[in-house]
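> Sharing a structure with you now.
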Amino acid sequence: MSQTVEPSLEDESASLDGYFSDAPLVLKPNYPPLRETFDTAVVITNLPKAPAAKVEKLSKVVGRLVSKIGALAESDSFPGFQLPVDPETGGTLGFAFVEYQSMDAAVQAVKSLHGYSLDKNHTLNAFPYERAMHLAKLEQEEFKEPKPTPFKEKPDTSKWLLDPSQRDQFVIRHANETVVNWSDGKNVPVVDYDGSREKEAGVSWCKYYVQWSPHGSYLATMVPEKGVILWGGEKYEKVSRFPAPGVDIVVFSPCENFLMTNNNNPKDPEAIKVFSIQSGEFLRAFPLFPKGFVSEDLSPQEKAQVRPPIFQWSHDDKYLARMGKDIISVYDTQTMKLLDSRSLIASGIQEFQFSPTANILAYWSPESSNSPAHVDIIELPSRNKLRQKNLFNVTKCSMVWHNEGTYLAVKVTRHTKSKKTLFNNLELFRFKEPGIPIEMLEIKDAVMALAWEPRGDRFAMIHAENPSSTKVNVSFYGMKKTVVTPAKGKKKQESTVVNELHLIETLSGKQCNCIFWSPAGQNIILASLGDSASGALEFYDLNAKALVMKEHYRSNQVLWDPSGRTVVSVVSQPIHGGHFKFSMDNGYILWNFQGKLLHQQSFETFYQFQWRPRHSLLSEEERSKVIKNLKKYEREFDRADKELALKLQLQATKAKRSLRTDFREKIFRLKELKRQQKEARIALMNGYDSDDEQNYVTKEVNIETILSSKEEVV
Amino acid sequence: PQSICCSRRKSPRQLTTQPNHTMRPILLKGHERSITAVKYNYDGDLIFTASKDHTPSMWRAESGERIGTFNGHKGTIWDLDVDRFSTRLLTASADASVNLWNCETGDILHSFTHHGPARGVAWSDGCEMFATINDPFVDHNAQISVYDAPIGADSFSDLPRLEIDLPKQSDGKVVKPTNITWLNLNEALFVTFDNGAIRLYDPFNGEELEEFFPHEKKINRVSFNRDKTLFITSSADFTAKLYDVVDLHHLKTYKTDRPVNDAVISETKDHILIGGGQDAMSVTTTSGKVGKFETRFFHLVYEEEFGSVKGHFGPINALAVDPNGLSYASGAEDGYVRLHFFDKSYLDMKDPVPEDLQEGEEESKQ
């Protein structure tokens with residue numbers, strides 16, 4: 001064993017004690033670290049120029065303002081900010097230097113102080129110091145007035161409304177074709193424009209979906225890689241372009257002032273974009289989901305199922321609103337900022353709807369711990385609650401406005417105490433009456449669809465005991481009732497209209513899942529649409545009680561033209577997704593409002609059909625004048641119709657006659673050739689002439705059959 | 001009493017009016033499987049039908065009564081042709097044989113064996129020869145064969161007088177013939193193919209004379225008018241096309257929304273009859289109502305559809321119209337042959353365009 005003993009660590013350190021020291025060898029004064037940038041400095045301009053007497057007061061105000069944001073770089077000699085003064089007068093020069101301790105505070109100060117209104121006349125500007133230096137260094141150029149861009153007349157987008165024969169238009173998308181057609185409701189549609197100019201240039205007019213604007217002024221075509229193009233005027237000229245990569249949906253505001261694009265990309269912070277149509281300017285972008293809308297507690301699958309809330313425009317384009325978590329965010333379209341800088345609190349909100357004619361919105365929220373479910377009616381911009389209706393045991397509500405804003409129907413799906421069975425009732429709001437009275441309509445059945453009669457006071461709904469049954473009932477209700485008081489002594493018979501909900505009629509045992517009112521009211525189509533449905537179409541005239549049954553197999557859309565003369569049933573397929581199963585049936589059928597088939601067209605791939613909306617250019621007075629003189633117009637129209645029909649018939653006859661003449665000439669030549677070959681043919685048949693009638697023997701045979709015999713005693 | 005008198009007078013009158021007016025079609029129920037071919041004879045008094053069951057049948061065109069069957073084949077009958085005088089019948093069968101029958105007795109005169117399923121058969125003008133087509137089978141290519149069958153002969157040679165081999169195309173695709181006919185005066189053999197082509201061959205030396213493509217998809221059937229001056233092709237591309245035989249010019253196109261299986265030219269009216277429907281494969285997935293199994297009537301010149309006759313519940317495979325213009329017969333995948341007699345309103349139907357110039361028509365011409 002070795003006898004040498006290694007020294008322990010303790011011994012070693014003890015021996016070295018006092019040799020090393022923690023203290024620095026060279027003493028340094030305790031300077032603050034040198035900052036080489038001005039990241040923490042901010043320059044504020046546009047402050048009031050205070051006279052010498054008021055400098056102290058101003059510096060107090062400024063000091064309070066800037067110190068609220070973050071800690072200032074204060075020291076004994078420097079308060080953290082400085083208001084330079086004019087050495088001659090002693091008054092401030094209207095700007096200030098501020099220094100913060102941290103860069104974050106400085107950045108925040110620029111953000112919150114820039115644009116801050118100190119008082120009526122002084123809106124502050126705040127810059128980071130470096131930026132201010134940069135601005136100060138800029139050389140001032142002499143201002144040159146920019147030349148206005150030469151005025152280019154925009155195409156007249158309402159010209160089509162002046163069509164002498166008052167036809168409607170529609171656009172169709174099939175294969176790579178986009179075609180705008182005229183439809184007069186009687187004859188075969190006539191092509192107005194089919195993108196021929198674009199075809200000549202070697203491009204396709206539209207490869208994705210198209211969309212008419214609400215007044216029919218523009219046709220928007222979507223180019224998914226790029227954005228949206230608007231077309232208008234007689235020749236469908238390019239009006240403007242809006243860049244929106246990935247665009248999937250385009251929405252116009254009701255008065256055609258704004259255009260909204262959506263690319264449905266939840267990861268894009270600018271998924272939804274708003275543009276001004278007139279100027280073409282980009283106004284604001286929104287993400288697909290408002291902050292906090294999708295709860296973090298959900299699993300990824302559940303998250304994927306949450307539908308983004310949609311933006312809604314108010315009828316007059318003044319407001320744009322979207323539902324968030326417990327709020328409705330209403331934006332003022334003038335500034336594209338939140339109305340009054342705050343959202344509308346609507347705790348638990350599930351759905352809201354703008355009135356189609358007033359700045360009123362309705363929303364509903366389900367039951368929460370201490371409050372029942374309720375439907376609220378809110379007026380904008382005052383945010384007054386016009387009406388509230390509390391509801392109990394609610395599973396779901398859905399709201400349907402009348403298109404004139406006169407009524408609102410809320411379908412309430414309620415559950416029994418056990419929560420096992422569901423039943424419906426309707427809450428009907430009357431907006432034209434003082435205080436907005438509400439009526440309740442109890443319905444035992446499940447209600448599958450409800451629709452108000454446009455320009456009327458009636459509504460129709462589909463209901464059945466079992467929502468999955470194939471046979472359903474369709475009921476019509478009226479909101480107004482005519483009461484006739486019988487003649488009494490001297491009093492004449494009087495009829496008055498009272499606001500009373502009443503059942504008009506129930507059609508039972510129907511096969512339908514959708515209802516479509518004509519825009520003119522009175523006529524309604526009960527349709528059975530969709531994949532597994534029969535495609536039955538029932539045209540019902542509610543006033544005349546006339547029912548016409550038709551069928552368009554596999555149809556998945558029914559669309560009325562804006563005038564209510566013609567209606568189309570469509571079998572279409574999505575552009576992406578290869579639904580080849582429709583390819584046999586793809587196409588559309590035009591019907592008149594009475595269910596008479598007008599025109600049928602099939603396509604191998606059919607994507608879209610859209611009527612061009614109409615916007616009335618007439619004032620209310622002119623309108624009533626027209627209605628007054630309807631008889632006169634009717635005669636004119638009848639005459640024009642007859643003339644047109646005759647003209648078309650003559651044209652068709654002429655065309656056919658020339659076809660027939662050509663064909664007959666051809667046949668004659670062929671016959672002639674045939675006659676020349678007769679000898680050869682007979683030779684082939686060993687001398688037998690097939691054309692010779694004498695080869696046949698005609699025998700006359702009488703056959704008598706006694707059908708019945710009967711004896712009668714006279 | 002008067003009322004009885006009236007009713008008595010009424011009833012016989014009703015019965016003696018044109019029986020066709022409300023007459024229902026005669027259903028020729030004789031086949032157990034899909035109908036593949038329906039043909040009238042030259043005189044229009046007999047109807048011959050072929051089916052996927054193995055027995056072609058002969059029917060009386062006037063009454064729909066079955067006269068007899070031709071027993072002997074062991075496979076689907078794809079095509080048949082009867083000679084000018086309705087004495088000898090030819091049938092092409094999937095059992096790789098073409099049989100020559102005596103129409104009157106139903107006896108087999110001769111069975112011509114082929115290298116593959118026989119698809120089509122056609123008598124020549126004069127009925128001394130006939131031509132057949134057969135599908136490719138194992139090592140054998142599709143073939144066109146021409147045989148001699150002199151009138152009055154009792155023994156026949158199994159060897160064809162001419163054989164045209166139809167090898168694979170240069171791109172390796174097999175093109176199958178679908179129909180064969182002789183052109184006027186036996187100048188050429190007219191063969192349609194499943195790639196939409198029509199070829200003409202010299203019937204004596206087998207040389208290919210001409211090839212053109214009226215369709216892009218399979219030509220299901222071709223039929224000629226009696227004069228053999230016009231022919232109409234029916235294709236899976238949903239159209240039927242009318243051509244003239246002399247110049248092979250395309251004259252008219254008749255568009256439908258389902259595959260066309262057969263189209264015929266009416267002899268007595270300027271009409272075209274078109275039959276077809278959703279292909280048999282996808283029939284089960286659709287209801288009969290929308291399969292479009294109707295016989296459609298088109299105007300020969302204006303290409304307009306003006307009427308249709310419903311009744312079948314499977315696609316129509318074969319159509320034939322009476323050369324006298326009194327009736328037509330349709331055979332379908334559902335195994336039925338329906339014999340329809342035209343009603344008075346059809347027979348009296350006039351061309352939509354009057355022969356004389358209409359009032360106002362001349363003015364607009366100026």
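Following the order of the structure tokens, chains are lettered A, B, ..., residues in each are numbered from 1, and ligands are numbered from 1.
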Please identify every residue of chain A that has at least one atom no farther than 10 Å from an atom of chain B, counting only C-alpha atoms, and for each give the shortest atom pair and the distance in Å to one decimal, arranged by chain then increasing number, as a tab-separated table.

```
residue	atom	partner	partner_atom	distance
A:Ser534	CA	B:Ser287	CA	9.8
A:His552	CA	B:Val290	CA	9.4
A:Tyr553	CA	B:Val290	CA	7.0
A:Arg554	CA	B:Val290	CA	9.6
A:Met584	CA	B:Asp257	CA	7.1
A:Asp585	CA	B:Asp257	CA	8.1
A:Asn586	CA	B:Asp257	CA	9.8
A:Gln601	CA	B:Asp257	CA	9.8
A:Ser602	CA	B:Asp257	CA	7.4
A:Phe603	CA	B:Asp257	CA	8.9
A:Glu604	CA	B:Asp257	CA	9.3
A:Leu646	CA	B:Gly360	CA	9.2
A:Lys647	CA	B:Ser364	CA	9.0
A:Gln649	CA	B:Glu361	CA	9.6
A:Leu650	CA	B:Glu361	CA	6.0
A:Gln651	CA	B:Glu361	CA	8.2
A:Ala652	CA	B:Val353	CA	9.2
A:Thr653	CA	B:Val353	CA	6.1
A:Lys654	CA	B:Glu361	CA	7.1
A:Ala655	CA	B:Tyr302	CA	9.3
A:Lys656	CA	B:Tyr302	CA	6.5
A:Arg657	CA	B:Val353	CA	6.7
A:Leu659	CA	B:Val301	CA	6.8
A:Arg660	CA	B:Val301	CA	6.2
A:Thr661	CA	B:Val301	CA	9.7
A:Asp662	CA	B:Val301	CA	9.4
A:Phe663	CA	B:Val301	CA	6.9
A:Arg664	CA	B:Val301	CA	9.3
A:Lys666	CA	B:Asp244	CA	8.8
A:Ile667	CA	B:Thr229	CA	8.2
A:Arg669	CA	B:Thr229	CA	10.0
A:Leu670	CA	B:Thr229	CA	6.3
A:Lys671	CA	B:Thr229	CA	7.8
A:Leu673	CA	B:Val246	CA	8.9
A:Lys674	CA	B:Asp227	CA	7.5
A:Gln677	CA	B:Leu185	CA	8.3
A:Lys678	CA	B:Leu185	CA	9.8
A:Ala680	CA	B:Leu185	CA	7.4
A:Arg681	CA	B:Leu185	CA	6.3
A:Ile682	CA	B:Gly126	CA	8.7
A:Ala683	CA	B:Gly126	CA	8.6
A:Leu684	CA	B:Gly126	CA	5.1
A:Met685	CA	B:Gly126	CA	4.7
A:Asn686	CA	B:Gly126	CA	7.6
A:Tyr688	CA	B:Gly126	CA	9.5
A:Ser690	CA	B:Arg84	CA	8.9
A:Tyr696	CA	B:Asp43	CA	9.9
A:Leu707	CA	B:Pro12	CA	8.6
A:Ser708	CA	B:Pro12	CA	9.4
```
> Might you pull out every residue within 8 Å of Ala175 in chain A, with only C-alpha atoms counted and same-chain residues fewer than 2 positions away left off, and present them as a VMD selection string?
chain A and resid 173 177 604 to 607
> Give me, as a PyMOL selection string, the residues of range 18-171 of chain B that a backbone DSSP run labels strand (DSSP E).
chain B and resi 26-28+35-40+46-51+57-60+66-69+77-82+88-93+97-102+108-113+118-123+129-134+142-148+162-166
> Any chance you can output those residues with C-alpha atoms as a compact mmCIF listing (two decimals), in the first residue's frame?

```txt
# COMPACT_ATOMS: atom_id res chain seq x y z
CA ILE B 26 -99.21 -5.50 -77.81
CA LEU B 27 -96.68 -6.95 -75.44
CA LEU B 28 -94.71 -9.71 -77.14
CA ILE B 35 -83.89 -8.22 -76.24
CA THR B 36 -80.93 -7.56 -78.51
CA ALA B 37 -82.49 -7.14 -81.96
CA VAL B 38 -85.91 -6.54 -83.48
CA LYS B 39 -86.51 -6.56 -87.23
CA TYR B 40 -89.42 -6.43 -89.66
CA LEU B 46 -93.36 -10.56 -89.87
CA ILE B 47 -91.26 -9.50 -86.93
CA PHE B 48 -88.06 -11.30 -85.94
CA THR B 49 -86.66 -10.86 -82.46
CA ALA B 50 -83.35 -11.91 -80.91
CA SER B 51 -82.56 -12.05 -77.24
CA SER B 57 -88.55 -15.81 -82.44
CA MET B 58 -90.78 -14.99 -85.37
CA TRP B 59 -94.05 -13.09 -84.83
CA ARG B 60 -96.97 -11.97 -86.93
CA ARG B 66 -95.82 -15.88 -82.14
CA ILE B 67 -95.37 -18.09 -85.15
CA GLY B 68 -92.38 -20.00 -83.85
CA THR B 69 -88.91 -20.11 -82.42
CA ILE B 77 -78.13 -13.97 -80.10
CA TRP B 78 -76.58 -10.62 -80.93
CA ASP B 79 -78.01 -10.01 -84.37
CA LEU B 80 -80.21 -11.49 -87.07
CA ASP B 81 -81.11 -10.77 -90.66
CA VAL B 82 -83.84 -12.16 -92.84
CA ARG B 88 -83.97 -17.80 -94.96
CA LEU B 89 -82.90 -16.29 -91.62
CA LEU B 90 -79.38 -15.65 -90.39
CA THR B 91 -78.58 -15.39 -86.69
CA ALA B 92 -75.29 -14.36 -85.09
CA SER B 93 -74.67 -15.85 -81.69
CA SER B 97 -71.61 -19.59 -84.72
CA VAL B 98 -73.83 -18.04 -87.35
CA ASN B 99 -76.83 -20.18 -88.24
CA LEU B 100 -78.76 -20.22 -91.45
CA TRP B 101 -82.39 -21.21 -90.88
CA ASN B 102 -85.31 -22.10 -93.00
CA ILE B 108 -81.05 -25.27 -89.44
CA LEU B 109 -79.75 -25.28 -93.01
CA HIS B 110 -76.19 -24.78 -91.91
CA SER B 111 -74.17 -23.60 -88.93
CA PHE B 112 -71.10 -21.52 -89.80
CA THR B 113 -68.55 -21.71 -87.00
CA ALA B 118 -70.52 -13.51 -83.67
CA ARG B 119 -71.75 -9.92 -83.34
CA GLY B 120 -73.42 -9.11 -86.58
CA VAL B 121 -74.71 -10.62 -89.76
CA ALA B 122 -76.07 -9.19 -93.00
CA TRP B 123 -77.45 -10.49 -96.28
CA MET B 129 -73.95 -14.01 -100.00
CA PHE B 130 -73.79 -12.80 -96.45
CA ALA B 131 -71.23 -11.12 -94.24
CA THR B 132 -70.56 -11.61 -90.53
CA ILE B 133 -68.45 -9.99 -87.84
CA ASN B 134 -67.11 -11.64 -84.74
CA ALA B 142 -61.87 -9.84 -84.57
CA GLN B 143 -62.88 -10.77 -88.09
CA ILE B 144 -65.14 -9.87 -90.93
CA SER B 145 -66.14 -12.88 -93.03
CA VAL B 146 -68.07 -13.21 -96.24
CA TYR B 147 -69.81 -16.51 -97.03
CA ASP B 148 -71.60 -17.85 -100.08
CA LEU B 162 -63.28 -13.73 -97.84
CA GLU B 163 -61.84 -13.12 -94.38
CA ILE B 164 -60.68 -9.72 -93.13
CA ASP B 165 -58.60 -9.76 -89.99
CA LEU B 166 -59.01 -6.80 -87.64
```
> Which of range 380-620 of chain A end up as helix (DSSP H, G or I) when DSSP is run on this backbone - answer as a list in words?
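DSSP-assigned helix (DSSP H, G or I) residues in range 380-620 of chain A: Phe580, Lys581, Phe582 and Glu620 of chain A.
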> Nearest to Asn466 in chain A: which of A:Pro48, A:Leu58, A:Leu422, A:Ser508 is it, counting only C-alpha atoms?
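Nearest to Asn466 in chain A: A:Leu422.
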> Show me, as an MDAnalysis selection string, the residues that have an atom within 10 Å of range 266-282 of chain A when counting only C-alpha atoms, minus same-chain residues fewer than 5 positions from it.
chainID A and resid 230 239:247 249:253 256:261 287:289 304 308 311 333 336
> How about saving the chosen residues, N, CA and C atoms kept, as a CSV table (one decimal), in the first residue's frame?

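What landed in result-v4.csv:
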```
chain,number,residue,atom,x,y,z
A,230,LEU,N,-65.2,42.8,-60.9
A,230,LEU,CA,-66.6,43.2,-61.1
A,230,LEU,C,-66.7,43.6,-62.6
A,239,VAL,N,-65.1,46.5,-64.5
A,239,VAL,CA,-65.3,47.8,-63.7
A,239,VAL,C,-64.2,48.0,-62.7
A,240,SER,N,-64.0,46.9,-61.9
A,240,SER,CA,-62.8,47.1,-61.0
A,240,SER,C,-62.4,45.7,-60.5
A,241,ARG,N,-61.2,45.7,-59.9
A,241,ARG,CA,-60.7,44.4,-59.4
A,241,ARG,C,-60.3,44.6,-57.9
A,242,PHE,N,-60.5,43.5,-57.2
A,242,PHE,CA,-60.2,43.5,-55.8
A,242,PHE,C,-59.3,42.3,-55.4
A,243,PRO,N,-58.0,42.6,-55.0
A,243,PRO,CA,-57.1,41.4,-54.8
A,243,PRO,C,-57.5,40.7,-53.5
A,244,ALA,N,-57.7,39.4,-53.5
A,244,ALA,CA,-58.1,38.7,-52.3
A,244,ALA,C,-57.7,37.2,-52.6
A,245,PRO,N,-56.5,36.9,-52.3
A,245,PRO,CA,-56.0,35.5,-52.7
A,245,PRO,C,-56.9,34.5,-52.0
A,246,GLY,N,-57.2,33.4,-52.7
A,246,GLY,CA,-57.9,32.3,-52.1
A,246,GLY,C,-59.4,32.6,-51.9
A,247,VAL,N,-59.9,33.6,-52.5
A,247,VAL,CA,-61.3,34.0,-52.3
A,247,VAL,C,-62.3,32.8,-52.7
A,249,ILE,N,-65.8,33.1,-51.2
A,249,ILE,CA,-67.1,33.7,-51.1
A,249,ILE,C,-67.0,35.2,-51.3
A,250,VAL,N,-67.9,35.8,-52.0
A,250,VAL,CA,-68.0,37.2,-52.1
A,250,VAL,C,-69.4,37.7,-51.7
A,251,VAL,N,-69.4,38.7,-50.9
A,251,VAL,CA,-70.7,39.3,-50.4
A,251,VAL,C,-70.7,40.8,-50.7
A,252,PHE,N,-71.8,41.2,-51.2
A,252,PHE,CA,-72.0,42.6,-51.5
A,252,PHE,C,-72.8,43.2,-50.3
A,253,SER,N,-72.6,44.5,-50.0
A,253,SER,CA,-73.5,45.1,-49.0
A,253,SER,C,-74.8,45.5,-49.8
A,256,GLU,N,-74.8,48.2,-52.3
A,256,GLU,CA,-73.7,48.1,-53.3
A,256,GLU,C,-72.6,49.1,-53.0
A,257,ASN,N,-72.4,49.5,-51.7
A,257,ASN,CA,-71.3,50.3,-51.4
A,257,ASN,C,-70.0,49.5,-51.1
A,258,PHE,N,-70.2,48.4,-50.6
A,258,PHE,CA,-69.0,47.6,-50.1
A,258,PHE,C,-69.1,46.2,-50.6
A,259,LEU,N,-67.9,45.6,-50.7
A,259,LEU,CA,-67.7,44.3,-51.1
A,259,LEU,C,-66.9,43.5,-50.1
A,260,MET,N,-67.3,42.3,-49.7
A,260,MET,CA,-66.6,41.6,-48.7
A,260,MET,C,-66.1,40.3,-49.4
A,261,THR,N,-64.9,39.9,-49.2
A,261,THR,CA,-64.4,38.6,-49.7
A,261,THR,C,-64.0,37.8,-48.5
A,287,PRO,N,-60.1,38.4,-39.2
A,287,PRO,CA,-59.8,36.9,-39.2
A,287,PRO,C,-61.1,36.2,-39.3
A,288,LEU,N,-61.1,34.9,-39.7
A,288,LEU,CA,-62.3,34.2,-39.9
A,288,LEU,C,-63.1,34.0,-38.6
A,289,PHE,N,-62.4,33.9,-37.5
A,289,PHE,CA,-63.1,33.7,-36.2
A,289,PHE,C,-62.8,34.9,-35.3
A,304,ALA,N,-62.8,22.0,-35.3
A,304,ALA,CA,-63.0,22.0,-36.8
A,304,ALA,C,-64.4,22.1,-37.2
A,308,PRO,N,-67.7,29.4,-38.6
A,308,PRO,CA,-67.4,30.9,-38.4
A,308,PRO,C,-68.7,31.7,-38.4
A,311,PHE,N,-70.7,37.7,-41.1
A,311,PHE,CA,-70.9,39.2,-41.1
A,311,PHE,C,-72.3,39.5,-41.7
A,333,THR,N,-69.6,51.6,-40.9
A,333,THR,CA,-68.9,51.4,-42.1
A,333,THR,C,-68.2,52.7,-42.6
A,336,MET,N,-65.1,52.1,-40.4
A,336,MET,CA,-64.7,50.7,-40.3
A,336,MET,C,-64.2,50.4,-38.9
```
> Calculate how many Å separate CA of His250 in chain B from CA of Asn195 in chain B, rounding to one decimal.
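Taking CA of His250 in chain B as the start and CA of Asn195 in chain B as the end point, the length is 17.8 Å.
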> Counting only C-alpha atoms, which of B:Ala332, B:Val321, B:Ala61, B:Val191 gets nearest to Glu211 in chain B?
B:Val191
> Name the closest residue to Phe342 in chain B among the candidates B:Leu183, B:Ile232, B:Val309, B:Leu319; distances are taken between atoms, counting only C-alpha atoms.
B:Val309
> For Arg383 in chain A, find every residue with an atom within 10 Å (counting only C-alpha atoms), except residues of its own chain fewer than 5 positions away, and show them as a PyMOL selection string.
chain A and resi 344-345+360-361+377-378
> I need the chosen residues saved as a PDB file, in the first residue's frame, with N, CA, C and O atoms.

```pdb
ATOM      1  N   LEU A 344     -71.388  45.371 -28.639  1.00  0.00           N
ATOM      2  CA  LEU A 344     -72.674  45.276 -27.984  1.00  0.00           C
ATOM      3  C   LEU A 344     -72.634  44.015 -27.114  1.00  0.00           C
ATOM      4  O   LEU A 344     -72.359  42.935 -27.610  1.00  0.00           O
ATOM      5  N   ILE A 345     -72.889  44.191 -25.816  1.00  0.00           N
ATOM      6  CA  ILE A 345     -72.842  43.027 -24.932  1.00  0.00           C
ATOM      7  C   ILE A 345     -74.100  42.194 -25.150  1.00  0.00           C
ATOM      8  O   ILE A 345     -75.215  42.720 -25.134  1.00  0.00           O
ATOM      9  N   ILE A 360     -82.450  47.631 -36.874  1.00  0.00           N
ATOM     10  CA  ILE A 360     -82.879  46.897 -35.693  1.00  0.00           C
ATOM     11  C   ILE A 360     -82.307  45.504 -35.830  1.00  0.00           C
ATOM     12  O   ILE A 360     -82.291  44.950 -36.927  1.00  0.00           O
ATOM     13  N   LEU A 361     -81.823  44.960 -34.734  1.00  0.00           N
ATOM     14  CA  LEU A 361     -81.400  43.577 -34.835  1.00  0.00           C
ATOM     15  C   LEU A 361     -82.018  42.760 -33.721  1.00  0.00           C
ATOM     16  O   LEU A 361     -82.373  43.280 -32.664  1.00  0.00           O
ATOM     17  N   ILE A 377     -84.639  42.517 -28.941  1.00  0.00           N
ATOM     18  CA  ILE A 377     -84.687  43.369 -30.130  1.00  0.00           C
ATOM     19  C   ILE A 377     -83.946  44.648 -29.777  1.00  0.00           C
ATOM     20  O   ILE A 377     -84.321  45.354 -28.842  1.00  0.00           O
ATOM     21  N   ILE A 378     -82.881  44.938 -30.512  1.00  0.00           N
ATOM     22  CA  ILE A 378     -82.033  46.082 -30.190  1.00  0.00           C
ATOM     23  C   ILE A 378     -82.064  47.054 -31.361  1.00  0.00           C
ATOM     24  O   ILE A 378     -81.991  46.651 -32.519  1.00  0.00           O
TER      25      ILE A 378
END
```
> If you count only C-alpha atoms, which residues fall within 7 Å of Ile198 in chain B, apart from same-chain ones fewer than 2 positions away, as a short mmCIF file (atom, residue, chain, number, x, y, z; two decimals) with N, CA, C and O atoms, in the first residue's frame?

```cif
data_model
loop_
_atom_site.label_atom_id
_atom_site.label_comp_id
_atom_site.auth_asym_id
_atom_site.auth_seq_id
_atom_site.Cartn_x
_atom_site.Cartn_y
_atom_site.Cartn_z
N VAL B 191 -68.98 -1.23 -91.96
CA VAL B 191 -68.80 -1.77 -90.61
C VAL B 191 -68.63 -0.63 -89.60
O VAL B 191 -67.87 0.30 -89.84
N THR B 192 -69.36 -0.72 -88.49
CA THR B 192 -69.21 0.28 -87.43
C THR B 192 -68.37 -0.32 -86.31
O THR B 192 -68.35 -1.53 -86.12
N PHE B 193 -67.71 0.55 -85.53
CA PHE B 193 -66.81 0.07 -84.48
C PHE B 193 -67.12 0.74 -83.14
O PHE B 193 -67.78 1.78 -83.09
N GLY B 196 -66.26 4.50 -82.30
CA GLY B 196 -66.95 5.58 -83.00
C GLY B 196 -66.62 5.66 -84.47
O GLY B 196 -67.05 6.59 -85.15
N LEU B 200 -65.33 1.28 -94.51
CA LEU B 200 -65.87 0.60 -95.69
C LEU B 200 -64.80 -0.34 -96.23
O LEU B 200 -63.63 0.04 -96.33
N GLU B 211 -62.34 5.32 -94.05
CA GLU B 211 -62.61 5.31 -92.60
C GLU B 211 -62.96 6.71 -92.17
O GLU B 211 -62.31 7.67 -92.57
N PHE B 212 -64.00 6.85 -91.35
CA PHE B 212 -64.33 8.16 -90.77
C PHE B 212 -64.96 7.96 -89.41
O PHE B 212 -65.36 6.86 -89.04
N PHE B 213 -65.00 9.06 -88.65
CA PHE B 213 -65.43 8.99 -87.24
C PHE B 213 -66.65 9.87 -86.99
O PHE B 213 -66.48 11.04 -86.65
#
```
> Between CA of Leu159 in chain B and CA of Glu207 in chain B, what is the spacing in Å?
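If I compute the distance from CA of Glu207 in chain B to CA of Leu159 in chain B, I get 19.2 Å.
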> Please tabulate, as a tab-separated table, the residues of range 589-645 of chain A that come within 9 Å of range 145-167 of chain A, each with its closest pair of atoms and the distance in Å to one decimal, counting only C-alpha atoms and ordering rows by chain, then residue number upward.

```
residue	atom	partner	partner_atom	distance
A:Arg614	CA	A:Leu161	CA	7.6
A:His615	CA	A:Leu161	CA	8.4
A:Ser616	CA	A:Leu161	CA	8.9
A:Leu617	CA	A:Leu161	CA	8.8
A:Phe637	CA	A:Ser165	CA	8.4
A:Ala640	CA	A:Ser165	CA	8.1
A:Asp641	CA	A:Ser165	CA	8.8
```
